[in-house]
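One file, target12.cif, is given below (mmCIF, C-alpha atoms).
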data_model
#
loop_
_atom_site.label_atom_id
_atom_site.label_comp_id
_atom_site.auth_asym_id
_atom_site.auth_seq_id
_atom_site.Cartn_x
_atom_site.Cartn_y
_atom_site.Cartn_z
CA MET A 1 0.00 0.00 0.00
CA ARG A 2 1.28 3.47 -0.83
CA THR A 3 1.91 5.75 2.12
CA LEU A 4 1.64 9.40 1.15
CA LEU A 5 1.89 12.86 2.63
CA ARG A 6 -0.75 13.95 5.09
CA PRO A 7 -1.52 17.63 5.81
CA THR A 8 -0.16 17.36 9.35
CA ALA A 9 3.13 16.09 7.93
CA MET A 10 3.42 18.54 5.07
CA PHE A 11 6.07 20.64 6.80
CA GLY A 12 7.57 17.66 8.59
CA LEU A 13 8.36 16.85 4.96
CA LEU A 14 7.82 13.17 4.57
CA SER A 15 9.24 12.00 7.89
CA VAL A 16 6.47 9.44 8.34
CA LEU A 17 6.53 7.86 4.91
CA THR A 18 7.25 4.26 4.11
CA GLY A 19 10.95 3.50 3.95
CA CYS A 20 13.91 2.31 5.97
CA VAL A 21 14.49 3.73 9.44
CA SER A 22 17.75 5.58 9.87
CA ALA A 23 19.98 5.39 12.94
CA GLY A 24 18.44 8.62 14.21
CA GLY A 25 14.96 7.12 14.20
CA GLU A 26 13.76 8.88 11.03
CA GLN A 27 12.53 6.89 8.09
CA ALA A 28 14.71 7.24 5.00
CA ALA A 29 14.00 6.59 1.35
CA PRO A 30 15.33 3.38 -0.16
CA ALA A 31 18.80 4.00 -1.53
CA SER A 32 17.65 3.42 -5.10
CA ALA A 33 15.75 6.70 -5.08
CA CYS A 34 18.42 8.77 -3.36
CA GLY A 35 20.48 10.89 -5.72
CA SER A 36 17.44 11.63 -7.88
CA ARG A 37 16.89 14.98 -9.50
CA ILE A 38 13.77 17.03 -10.14
CA ALA A 39 13.85 19.87 -12.68
CA VAL A 40 12.17 23.25 -12.67
CA LEU A 41 11.51 24.42 -16.22
CA GLY A 42 10.26 27.95 -16.82
CA PRO A 43 11.10 31.65 -17.17
CA LEU A 44 13.73 32.30 -14.52
CA SER A 45 15.11 35.41 -16.23
CA GLY A 46 13.85 37.94 -18.73
CA ASP A 47 10.52 39.76 -18.94
CA SER A 48 8.53 36.98 -17.25
CA ALA A 49 10.95 36.12 -14.46
CA ASP A 50 8.58 37.28 -11.73
CA LEU A 51 6.22 34.38 -12.42
CA GLY A 52 8.97 31.84 -12.99
CA GLY A 53 10.76 32.89 -9.83
CA ASN A 54 7.64 32.29 -7.77
CA VAL A 55 7.45 28.72 -9.06
CA ARG A 56 11.16 28.06 -8.53
CA ASP A 57 11.09 29.37 -4.97
CA GLY A 58 8.06 27.32 -3.98
CA ALA A 59 9.89 24.21 -5.15
CA ARG A 60 13.10 25.33 -3.42
CA LEU A 61 11.28 25.58 -0.10
CA ALA A 62 10.01 22.03 -0.38
CA PHE A 63 13.47 20.73 -1.28
CA ASP A 64 15.20 22.68 1.49
CA GLN A 65 12.85 21.20 4.05
CA TYR A 66 13.24 17.69 2.66
CA ARG A 67 17.04 17.88 2.74
CA ALA A 68 17.00 19.16 6.32
CA GLU A 69 14.99 16.15 7.46
CA HIS A 70 16.63 13.57 5.18
CA PRO A 71 20.33 14.42 4.99
CA ASP A 72 21.20 10.81 4.20
CA CYS A 73 19.11 10.78 1.01
CA PRO A 74 20.44 13.53 -1.27
CA VAL A 75 18.12 15.01 -3.86
CA GLU A 76 18.71 17.88 -6.28
CA LEU A 77 16.48 20.57 -7.76
CA ILE A 78 17.90 21.51 -11.18
CA GLU A 79 16.87 24.77 -12.84
CA PHE A 80 16.26 25.17 -16.58
CA ASP A 81 15.65 28.77 -17.65
CA SER A 82 13.44 29.06 -20.73
CA GLN A 83 12.92 32.82 -20.42
CA GLY A 84 9.32 31.96 -21.35
CA ASP A 85 10.42 31.40 -24.95
CA PRO A 86 8.86 28.42 -26.79
CA LYS A 87 11.87 28.40 -29.13
CA GLN A 88 14.22 27.58 -26.25
CA ALA A 89 11.98 24.96 -24.67
CA PRO A 90 12.70 21.93 -26.93
CA ALA A 91 16.46 22.03 -26.34
CA LEU A 92 15.94 22.35 -22.59
CA ALA A 93 13.46 19.48 -22.62
CA GLN A 94 16.00 17.35 -24.45
CA GLN A 95 18.65 18.18 -21.85
CA ILE A 96 16.23 17.00 -19.17
CA VAL A 97 15.50 13.76 -21.01
CA ASP A 98 19.21 13.12 -21.54
CA ASP A 99 19.91 13.30 -17.78
CA ALA A 100 18.74 9.92 -16.51
CA ARG A 101 18.77 11.14 -12.92
CA ILE A 102 15.95 13.63 -13.62
CA ILE A 103 12.71 11.79 -12.90
CA GLY A 104 10.24 14.68 -12.76
CA VAL A 105 9.67 18.27 -13.82
CA VAL A 106 7.92 21.11 -12.00
CA GLY A 107 6.72 22.94 -15.10
CA PRO A 108 6.84 23.91 -17.88
CA GLY A 109 5.92 27.39 -16.75
CA PHE A 110 4.03 28.85 -19.71
CA SER A 111 1.61 27.36 -22.20
CA GLY A 112 3.64 28.17 -25.31
CA GLU A 113 6.80 26.58 -23.99
CA ALA A 114 4.75 23.67 -22.68
CA GLU A 115 3.42 22.95 -26.17
CA ALA A 116 7.02 22.86 -27.41
CA ALA A 117 8.57 20.89 -24.54
CA LEU A 118 5.93 18.37 -23.51
CA PRO A 119 6.14 16.09 -26.57
CA ILE A 120 9.84 15.56 -25.82
CA LEU A 121 9.36 15.12 -22.09
CA ASP A 122 6.49 12.71 -22.65
CA GLN A 123 8.46 10.63 -25.11
CA GLY A 124 11.27 10.51 -22.56
CA GLY A 125 8.83 9.27 -19.90
CA VAL A 126 9.44 12.24 -17.58
CA ALA A 127 6.49 13.08 -15.32
CA THR A 128 5.57 16.76 -15.37
CA ILE A 129 3.46 18.84 -13.00
CA THR A 130 2.82 22.36 -14.24
CA THR A 131 1.51 24.96 -11.83
CA SER A 132 1.02 27.76 -14.34
CA ALA A 133 0.63 26.51 -17.95
CA THR A 134 -3.14 26.77 -18.27
CA ARG A 135 -3.95 26.34 -21.98
CA THR A 136 -6.86 23.93 -21.98
CA GLU A 137 -5.67 21.87 -24.92
CA LEU A 138 -2.49 20.75 -23.14
CA SER A 139 -4.44 17.94 -21.49
CA GLU A 140 -6.01 16.86 -24.79
CA ARG A 141 -2.84 15.84 -26.66
CA GLY A 142 -2.59 12.32 -25.28
CA TRP A 143 0.59 12.98 -23.25
CA SER A 144 0.73 10.28 -20.59
CA THR A 145 3.09 12.09 -18.20
CA PHE A 146 1.32 15.49 -18.11
CA HIS A 147 -0.28 16.82 -14.90
CA ARG A 148 -1.64 20.27 -14.05
CA LEU A 149 -1.98 21.57 -10.48
CA VAL A 150 -4.26 24.53 -11.26
CA GLY A 151 -7.46 24.97 -13.22
CA ASN A 152 -7.17 25.37 -16.99
CA ASP A 153 -8.20 28.28 -19.20
CA ALA A 154 -11.67 26.84 -19.74
CA ALA A 155 -12.30 27.02 -16.00
CA GLN A 156 -10.68 30.44 -15.59
CA GLY A 157 -12.33 31.82 -18.71
CA ARG A 158 -15.79 30.80 -17.55
CA ALA A 159 -15.13 32.29 -14.13
CA ALA A 160 -13.70 35.55 -15.51
CA GLY A 161 -16.59 35.89 -17.95
CA GLN A 162 -19.09 35.28 -15.17
CA TYR A 163 -17.39 37.88 -12.98
CA ILE A 164 -17.46 40.45 -15.79
CA ASP A 165 -21.10 39.67 -16.48
CA GLN A 166 -22.49 39.45 -12.96
CA ALA A 167 -20.13 41.24 -10.57
CA LEU A 168 -19.14 44.07 -12.92
CA GLY A 169 -22.35 44.18 -14.96
CA GLY A 170 -20.33 44.55 -18.15
CA THR A 171 -22.42 45.16 -21.26
CA ALA A 172 -19.76 46.27 -23.78
CA VAL A 173 -16.60 44.21 -23.35
CA PHE A 174 -13.51 44.70 -25.48
CA VAL A 175 -11.29 41.61 -25.52
CA VAL A 176 -7.55 41.96 -26.23
CA ASP A 177 -4.95 39.19 -26.37
CA ASP A 178 -1.27 38.80 -27.20
CA GLY A 179 -1.76 36.10 -29.83
CA GLY A 180 0.08 33.50 -27.74
CA ALA A 181 -0.97 30.02 -26.68
CA TYR A 182 -1.99 31.22 -23.23
CA GLY A 183 -3.25 34.73 -23.93
CA GLN A 184 -5.37 33.95 -26.96
CA GLY A 185 -6.65 30.71 -25.45
CA LEU A 186 -7.85 32.44 -22.30
CA ALA A 187 -9.34 35.34 -24.26
CA ASP A 188 -11.25 32.86 -26.42
CA GLN A 189 -12.79 31.28 -23.34
CA VAL A 190 -13.81 34.64 -21.87
CA ALA A 191 -15.33 35.75 -25.18
CA ALA A 192 -17.25 32.49 -25.46
CA ARG A 193 -18.75 33.00 -22.00
CA LEU A 194 -19.76 36.60 -22.70
CA GLY A 195 -21.14 36.05 -26.20
CA ALA A 196 -22.84 39.12 -27.65
CA LYS A 197 -21.54 41.35 -24.86
CA VAL A 198 -18.15 41.31 -26.59
CA VAL A 199 -18.23 44.38 -28.81
CA GLN A 200 -14.81 43.92 -30.42
CA ARG A 201 -11.56 41.92 -30.24
CA ALA A 202 -7.98 42.86 -31.01
CA THR A 203 -4.54 41.26 -30.85
CA VAL A 204 -1.38 43.07 -29.80
CA ALA A 205 2.14 41.72 -30.15
CA ALA A 206 3.91 40.25 -27.15
CA GLY A 207 6.59 42.72 -26.09
CA ALA A 208 4.65 45.72 -27.41
CA THR A 209 5.16 49.06 -25.70
CA ASP A 210 2.89 51.36 -27.72
CA PHE A 211 -0.81 50.50 -27.39
CA SER A 212 -2.19 53.72 -28.85
CA ALA A 213 -3.96 51.99 -31.74
CA VAL A 214 -5.88 49.53 -29.57
CA VAL A 215 -6.55 52.22 -26.96
CA GLY A 216 -8.21 54.25 -29.73
CA GLN A 217 -10.30 51.25 -30.75
CA ILE A 218 -11.41 50.68 -27.17
CA ARG A 219 -12.40 54.33 -26.83
CA SER A 220 -14.35 54.23 -30.09
CA ALA A 221 -16.17 51.07 -28.98
CA ASP A 222 -17.26 52.81 -25.76
CA ALA A 223 -16.31 49.68 -23.83
CA ASP A 224 -17.17 49.48 -20.16
CA VAL A 225 -14.83 46.52 -19.54
CA VAL A 226 -11.52 45.58 -21.17
CA PHE A 227 -10.30 42.00 -20.81
CA TYR A 228 -6.64 41.30 -21.56
CA GLY A 229 -5.27 37.82 -22.19
CA GLY A 230 -1.49 37.77 -21.89
CA TYR A 231 1.33 38.38 -19.46
CA TYR A 232 2.04 41.04 -16.90
CA ALA A 233 4.42 43.40 -18.71
CA GLU A 234 2.06 44.13 -21.61
CA ALA A 235 -0.97 44.08 -19.31
CA GLY A 236 0.57 46.78 -17.13
CA ARG A 237 1.54 48.95 -20.08
CA LEU A 238 -1.92 48.67 -21.61
CA ARG A 239 -3.56 49.56 -18.32
CA ARG A 240 -1.36 52.61 -17.85
CA GLN A 241 -2.02 53.86 -21.38
CA LEU A 242 -5.77 53.35 -21.05
CA ARG A 243 -5.79 55.51 -17.94
CA ALA A 244 -3.58 58.13 -19.58
CA ALA A 245 -6.16 58.35 -22.36
CA ASP A 246 -8.96 58.73 -19.78
CA VAL A 247 -10.66 55.51 -20.84
CA PRO A 248 -12.87 54.67 -17.82
CA ALA A 249 -13.39 50.97 -18.57
CA THR A 250 -12.69 48.46 -15.83
CA PHE A 251 -9.57 46.45 -16.66
CA VAL A 252 -9.67 42.68 -16.18
CA ALA A 253 -6.81 40.27 -16.86
CA GLY A 254 -5.96 36.64 -16.12
CA ASP A 255 -3.33 34.97 -13.99
CA GLY A 256 -0.50 35.86 -16.37
CA ALA A 257 -0.86 39.44 -15.12
CA LYS A 258 -0.80 38.55 -11.42
CA ALA A 259 2.80 39.47 -10.75
CA ASP A 260 4.74 42.38 -9.33
CA GLY A 261 5.74 43.33 -12.88
CA PHE A 262 2.16 44.36 -13.56
CA LEU A 263 2.27 46.71 -10.59
CA ARG A 264 5.56 48.21 -11.77
CA GLU A 265 4.31 48.75 -15.31
CA ALA A 266 0.86 50.07 -14.39
CA GLY A 267 2.04 52.22 -11.50
CA ASP A 268 -0.71 53.98 -9.56
CA ASP A 269 -3.19 52.99 -12.28
CA ALA A 270 -3.03 49.37 -11.04
CA GLU A 271 -5.24 50.26 -8.08
CA THR A 272 -8.14 51.84 -9.97
CA ALA A 273 -10.83 49.60 -11.47
CA VAL A 274 -8.55 46.58 -11.99
CA VAL A 275 -9.47 42.93 -11.44
CA ILE A 276 -7.07 40.01 -11.88
CA THR A 277 -8.37 36.46 -11.98
CA CYS A 278 -6.30 33.40 -11.15
CA PRO A 279 -7.00 29.65 -10.95
CA CYS A 280 -4.80 29.60 -7.87
CA LEU A 281 -5.28 29.81 -4.15
CA PRO A 282 -4.42 33.16 -2.56
CA PRO A 283 -1.00 32.23 -1.14
CA GLU A 284 -1.77 33.66 2.28
CA ARG A 285 -4.54 31.05 2.56
CA ALA A 286 -2.22 28.09 2.00
CA GLY A 287 -2.19 25.58 4.81
CA ALA A 288 0.44 24.04 7.09
CA GLU A 289 2.09 27.40 7.88
CA PHE A 290 3.30 27.71 4.30
CA PRO A 291 3.17 31.56 4.19
CA GLN A 292 5.25 31.88 7.35
CA ARG A 293 7.79 29.31 6.18
CA TYR A 294 8.11 31.02 2.82
CA ARG A 295 8.65 34.43 4.43
CA GLU A 296 11.29 33.00 6.74
CA ARG A 297 13.13 31.41 3.82
CA PHE A 298 12.97 34.20 1.22
CA GLY A 299 12.15 37.38 3.15
CA VAL A 300 9.12 38.18 1.00
CA GLU A 301 5.50 37.11 0.77
CA PRO A 302 4.78 34.07 -1.41
CA GLY A 303 3.72 35.02 -4.92
CA THR A 304 1.45 33.64 -7.60
CA ASN A 305 1.77 29.84 -7.83
CA SER A 306 4.46 29.61 -5.13
CA ALA A 307 2.22 27.42 -2.97
CA GLU A 308 1.13 25.30 -5.94
CA SER A 309 4.78 24.78 -6.85
CA TYR A 310 5.53 23.73 -3.29
CA ASP A 311 2.77 21.16 -3.63
CA ALA A 312 4.10 19.93 -6.97
CA ALA A 313 7.61 19.48 -5.60
CA THR A 314 6.19 17.75 -2.54
CA VAL A 315 4.45 15.17 -4.74
CA PHE A 316 7.77 14.29 -6.38
CA LEU A 317 9.56 14.20 -3.03
CA ALA A 318 6.90 11.87 -1.70
CA GLY A 319 7.61 9.60 -4.65
CA ILE A 320 11.33 9.65 -3.91
CA GLN A 321 10.66 8.94 -0.24
CA ALA A 322 8.52 5.97 -1.30
CA GLY A 323 11.51 4.63 -3.23
CA HIS A 324 10.55 5.50 -6.80
CA GLY A 325 13.89 6.35 -8.40
CA GLY A 326 12.93 5.56 -12.00
CA ARG A 327 10.87 7.58 -14.45
CA ALA A 328 8.18 4.97 -15.05
CA ALA A 329 7.70 4.34 -11.34
CA MET A 330 7.55 8.07 -10.59
CA ALA A 331 5.05 8.71 -13.38
CA ALA A 332 2.80 5.95 -12.06
CA PHE A 333 3.13 7.33 -8.51
CA VAL A 334 2.09 10.81 -9.64
CA ASP A 335 -0.84 9.41 -11.63
CA ASP A 336 -2.19 7.67 -8.53
CA TYR A 337 -1.48 10.46 -6.05
CA ASP A 338 -4.53 11.54 -4.04
CA GLU A 339 -3.74 13.57 -0.95
CA PRO A 340 -4.37 17.06 0.42
CA GLY A 341 -1.69 19.65 -0.24
CA VAL A 342 -1.24 23.14 1.15
CA THR A 343 -3.41 24.50 -1.69
CA THR A 344 -6.03 21.86 -2.47
CA ARG A 345 -6.67 18.16 -2.68
CA ILE A 346 -4.14 16.88 -5.21
CA ALA A 347 -5.68 14.27 -7.49
CA TRP A 348 -5.82 14.09 -11.24
CA THR A 349 -8.18 12.83 -13.90
CA GLY A 350 -7.01 10.44 -16.58
CA THR A 351 -5.90 13.39 -18.74
CA GLY A 352 -3.81 15.01 -16.03
CA GLU A 353 -6.27 17.73 -15.04
CA LEU A 354 -7.06 18.38 -11.39
CA VAL A 355 -10.29 16.71 -10.35
CA ALA A 356 -13.15 19.22 -10.62
CA SER A 357 -13.65 19.53 -6.88
CA SER A 358 -10.06 20.76 -6.49
CA VAL A 359 -10.29 23.58 -9.05
CA VAL A 360 -10.70 27.09 -7.68
CA VAL A 361 -10.62 30.52 -9.37
CA TRP A 362 -10.23 33.76 -7.43
CA ALA A 363 -10.70 37.43 -8.24
CA PHE A 364 -8.05 39.82 -6.92
CA ARG A 365 -7.93 43.60 -6.55
CA VAL A 366 -4.84 45.72 -6.03
CA GLN A 367 -4.60 47.57 -2.72
CA GLN A 368 -1.55 49.46 -1.48
CA GLY A 369 0.69 47.77 -4.00
CA ARG A 370 -0.50 44.22 -3.24
CA PHE A 371 -2.84 41.72 -4.83
CA VAL A 372 -5.67 41.20 -2.37
CA ALA A 373 -8.12 38.32 -2.71
CA GLU A 374 -11.64 39.62 -3.22
CA ARG A 375 -13.72 36.48 -3.71
CA SER A 376 -13.76 33.05 -5.26
CA ILE A 377 -15.68 32.70 -8.52
CA PRO A 378 -17.71 29.67 -9.62
CA THR A 379 -16.20 27.92 -12.64
CA SER A 380 -19.48 26.73 -14.12
#
Could the structure of this file be written out as structure tokens, please?
Amino acid sequence: MRTLLRPTAMFGLLSVLTGCVSAGGEQAAPASACGSRIAVLGPLSGDSADLGGNVRDGARLAFDQYRAEHPDCPVELIEFDSQGDPKQAPALAQQIVDDARIIGVVGPGFSGEAEAALPILDQGGVATITTSATRTELSERGWSTFHRLVGNDAAQGRAAGQYIDQALGGTAVFVVDDGGAYGQGLADQVAARLGAKVVQRATVAAGATDFSAVVGQIRSADADVVFYGGYYAEAGRLRRQLRAADVPATFVAGDGAKADGFLREAGDDAETAVVITCPCLPPERAGAEFPQRYRERFGVEPGTNSAESYDAATVFLAGIQAGHGGRAAMAAFVDDYDEPGVTTRIAWTGTGELVASSVVVWAFRVQQGRFVAERSIPTS
């Protein structure tokens, strides 16, 4: 019988799991699993490093705690920096596959890089748990090693559309996206939920700095809500330029904008009529003293997906502690995992999606330079 993490043991980090008992009384993983590596694959530098850093640091916390309690079973967390670029992802995925000691991946971080990396990782038999790549179609490609620890864009899109419709009372919604796998996919879901209330759509290039053309279109459409599908840098610039043009529409964006970079780019305009949705738990609500532990380790509050990444790393560490040092054994362990984490109950469907009861979407406002949870939103 598998023995897995329990919530009361989450920060004892696996000290009660099945294994051999060490001389100090603690149970240790079978030697065959010791020396294993888990990779983090995502944007650790560049324009999207805020989001990638959150994921890396959540995993680091889990590994630091594991090592402290299991010094006789070394494990490594190896970082692969994609800079959020799908063009870099295949080579990094191949490096992961070529290292036989890597038996799992926390990531990929973004949907575009996930589409590029996952075929290689799946062929190599490497189990993956992404905490931030939300494109719905990722779970529909037949990849046997794919798992997602947040809701997908279909769930977030329905929730965001419902919030715009019911909480904001939007009647003329202008939908903008960056044309990418994540941004366009999420925008499509929001538009589908809102139907005829979408008065116009536009696409802006990732990396754009001048949004005057689309700002003019939004003004001409007399939109009362603008939804943006894309990442935080462009979202912040668009918000700032809408306010500079005295466009009064409420600004709504998805989880790709929930990062400090949005606050830097938008400035004071981030706190006026802005809503950010995220299929993630507000990190301050994570269980087992996670927020306090994170602050003690890194000196800052946990960010978007930090707690989910901690949970993802903990699943892999539980597999190592149970003695699964090979890729096939780890993939099977992750498939069968069904335990509470610090964010939600962690259990997957046959396609690697979280079970429906574990999916949550929240709306956030910005107050005094922080993202503050406003309310959870139904996903149906």
Item to complete: Rank nothing, just name the residue among A:Leu149, A:Ala181, A:Ala93, A:Ala167 nearest to A:Thr343, using all atoms listed in the file.
Response: A:Leu149
Fill in: Spatial neighbours of stretch 79-92 of chain A, 10 Å, all atoms listed in the file, chain gap at least 6 places, as a PyMOL selection string
chain A and resi 38-49+51-52+56+98+105-121+181
Can you spit out the residues from that selection as an mmCIF file, in the coordinates of the input, using C-alpha atoms?
data_model
loop_
_atom_site.group_PDB
_atom_site.id
_atom_site.type_symbol
_atom_site.label_atom_id
_atom_site.label_comp_id
_atom_site.auth_asym_id
_atom_site.auth_seq_id
_atom_site.Cartn_x
_atom_site.Cartn_y
_atom_site.Cartn_z
ATOM 1 C CA ILE A 38 13.770 17.030 -10.140
ATOM 2 C CA ALA A 39 13.850 19.870 -12.680
ATOM 3 C CA VAL A 40 12.170 23.250 -12.670
ATOM 4 C CA LEU A 41 11.510 24.420 -16.220
ATOM 5 C CA GLY A 42 10.260 27.950 -16.820
ATOM 6 C CA PRO A 43 11.100 31.650 -17.170
ATOM 7 C CA LEU A 44 13.730 32.300 -14.520
ATOM 8 C CA SER A 45 15.110 35.410 -16.230
ATOM 9 C CA GLY A 46 13.850 37.940 -18.730
ATOM 10 C CA ASP A 47 10.520 39.760 -18.940
ATOM 11 C CA SER A 48 8.530 36.980 -17.250
ATOM 12 C CA ALA A 49 10.950 36.120 -14.460
ATOM 13 C CA LEU A 51 6.220 34.380 -12.420
ATOM 14 C CA GLY A 52 8.970 31.840 -12.990
ATOM 15 C CA ARG A 56 11.160 28.060 -8.530
ATOM 16 C CA ASP A 98 19.210 13.120 -21.540
ATOM 17 C CA VAL A 105 9.670 18.270 -13.820
ATOM 18 C CA VAL A 106 7.920 21.110 -12.000
ATOM 19 C CA GLY A 107 6.720 22.940 -15.100
ATOM 20 C CA PRO A 108 6.840 23.910 -17.880
ATOM 21 C CA GLY A 109 5.920 27.390 -16.750
ATOM 22 C CA PHE A 110 4.030 28.850 -19.710
ATOM 23 C CA SER A 111 1.610 27.360 -22.200
ATOM 24 C CA GLY A 112 3.640 28.170 -25.310
ATOM 25 C CA GLU A 113 6.800 26.580 -23.990
ATOM 26 C CA ALA A 114 4.750 23.670 -22.680
ATOM 27 C CA GLU A 115 3.420 22.950 -26.170
ATOM 28 C CA ALA A 116 7.020 22.860 -27.410
ATOM 29 C CA ALA A 117 8.570 20.890 -24.540
ATOM 30 C CA LEU A 118 5.930 18.370 -23.510
ATOM 31 C CA PRO A 119 6.140 16.090 -26.570
ATOM 32 C CA ILE A 120 9.840 15.560 -25.820
ATOM 33 C CA LEU A 121 9.360 15.120 -22.090
ATOM 34 C CA ALA A 181 -0.970 30.020 -26.680
#
Worksheet item: Rounded to one decimal in Å, what is the spacing between atom CA of A:Ala205 and atom CA of A:Asp178?
Response: 5.4 Å
Discussion item. Using all atoms listed in the file, can you tell me which of A:Ile377, A:Ala273, A:Leu317, A:Ile102 comes closest to A:Arg67?
Written reply: A:Leu317
Worksheet item: Excluding same-chain residues fewer than 6 positions from stretch 33-35 of chain A, what lies within 6 Å of it counting all atoms listed in the file, as a ChimeraX atom specification?
Response: /A:73-75,320,323-325
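Summary of the local environment: counting all atoms listed in the file, residues at most 12 Å from A:Arg297, other than itself and those fewer than 2 positions away along its chain, are A:Asp57, A:Gly58, A:Ala59, A:Arg60, A:Leu61, A:Ala62, A:Phe63, A:Asp64, A:Gln65, A:Phe290, A:Pro291, A:Gln292, A:Arg293, A:Tyr294, A:Arg295, A:Gly299, A:Val300, A:Glu301, A:Pro302.
Residues lying within 10 Å of A:Pro279, counting only C-alpha atoms and ignoring same-chain neighbours fewer than 5 positions away, are Thr131, Ser132, Thr134, Leu149, Val150, Gly151, Asn152, Asp153, Ala155, Gln156, Gly157, Ala159, Gly254, Asp255, Thr304, Asn305, Val359, Val360, Val361, Trp362, Ala363, Ser376, Ile377 and Thr379 of chain A.
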Fill in: Expansion of the PyMOL selection byres ((chain A and resi 330) around 9) into residues, as a PyMOL selection string
chain A and resi 103-104+126-127+316+319-320+324-329+331-335
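Rounded to one decimal, atom CA of A:Ser309 and atom CA of A:Pro282 lie 13.2 Å from each other.
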Worksheet item: Can you list, as an NGL selection string, the residues that the PyMOL selection byres ((chain A and resi 136) around 8) selects here?
Response: :A and (134-135 or 137-140 or 152-154 or 185)
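Once stretch 169-172 of chain A and its same-chain neighbours fewer than 5 positions away are set aside, Gly161, Gln162, Tyr163, Ile164, Leu194, Ala196, Lys197, Val198, Val199, Gln200, Ala221, Asp222, Ala223, Asp224, Val225, Val226, Ala249 and Thr250 of chain A remain within 10 Å of it when counting all atoms listed in the file.
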Rebuild N, CA, C and O atoms on stretch 55-66 of chain A, as a tab-separated table (two decimals), in the coordinates of the input?
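File selection_32.tsv, as written:
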chain	number	residue	atom	x	y	z
A	55	VAL	N	7.53	30.18	-8.95
A	55	VAL	CA	7.45	28.72	-9.06
A	55	VAL	C	8.73	28.08	-8.56
A	55	VAL	O	8.71	27.11	-7.79
A	56	ARG	N	9.86	28.60	-8.98
A	56	ARG	CA	11.16	28.06	-8.53
A	56	ARG	C	11.27	28.10	-7.02
A	56	ARG	O	11.68	27.11	-6.39
A	57	ASP	N	10.88	29.22	-6.41
A	57	ASP	CA	11.09	29.37	-4.97
A	57	ASP	C	10.14	28.48	-4.17
A	57	ASP	O	10.51	27.99	-3.09
A	58	GLY	N	8.93	28.26	-4.66
A	58	GLY	CA	8.06	27.32	-3.98
A	58	GLY	C	8.66	25.92	-3.96
A	58	GLY	O	8.64	25.23	-2.93
A	59	ALA	N	9.23	25.51	-5.08
A	59	ALA	CA	9.89	24.21	-5.15
A	59	ALA	C	11.14	24.19	-4.27
A	59	ALA	O	11.42	23.19	-3.59
A	60	ARG	N	11.89	25.27	-4.25
A	60	ARG	CA	13.10	25.33	-3.42
A	60	ARG	C	12.76	25.11	-1.95
A	60	ARG	O	13.48	24.42	-1.22
A	61	LEU	N	11.67	25.73	-1.50
A	61	LEU	CA	11.28	25.58	-0.10
A	61	LEU	C	11.02	24.12	0.23
A	61	LEU	O	11.48	23.62	1.27
A	62	ALA	N	10.28	23.44	-0.63
A	62	ALA	CA	10.01	22.03	-0.38
A	62	ALA	C	11.30	21.21	-0.34
A	62	ALA	O	11.47	20.34	0.54
A	63	PHE	N	12.22	21.48	-1.25
A	63	PHE	CA	13.47	20.73	-1.28
A	63	PHE	C	14.35	21.05	-0.07
A	63	PHE	O	14.99	20.16	0.50
A	64	ASP	N	14.40	22.32	0.33
A	64	ASP	CA	15.20	22.68	1.49
A	64	ASP	C	14.71	21.93	2.73
A	64	ASP	O	15.51	21.43	3.53
A	65	GLN	N	13.40	21.87	2.88
A	65	GLN	CA	12.85	21.20	4.05
A	65	GLN	C	13.09	19.69	3.99
A	65	GLN	O	13.37	19.05	5.01
A	66	TYR	N	12.98	19.13	2.81
A	66	TYR	CA	13.24	17.69	2.66
A	66	TYR	C	14.69	17.37	3.02
A	66	TYR	O	14.98	16.42	3.76
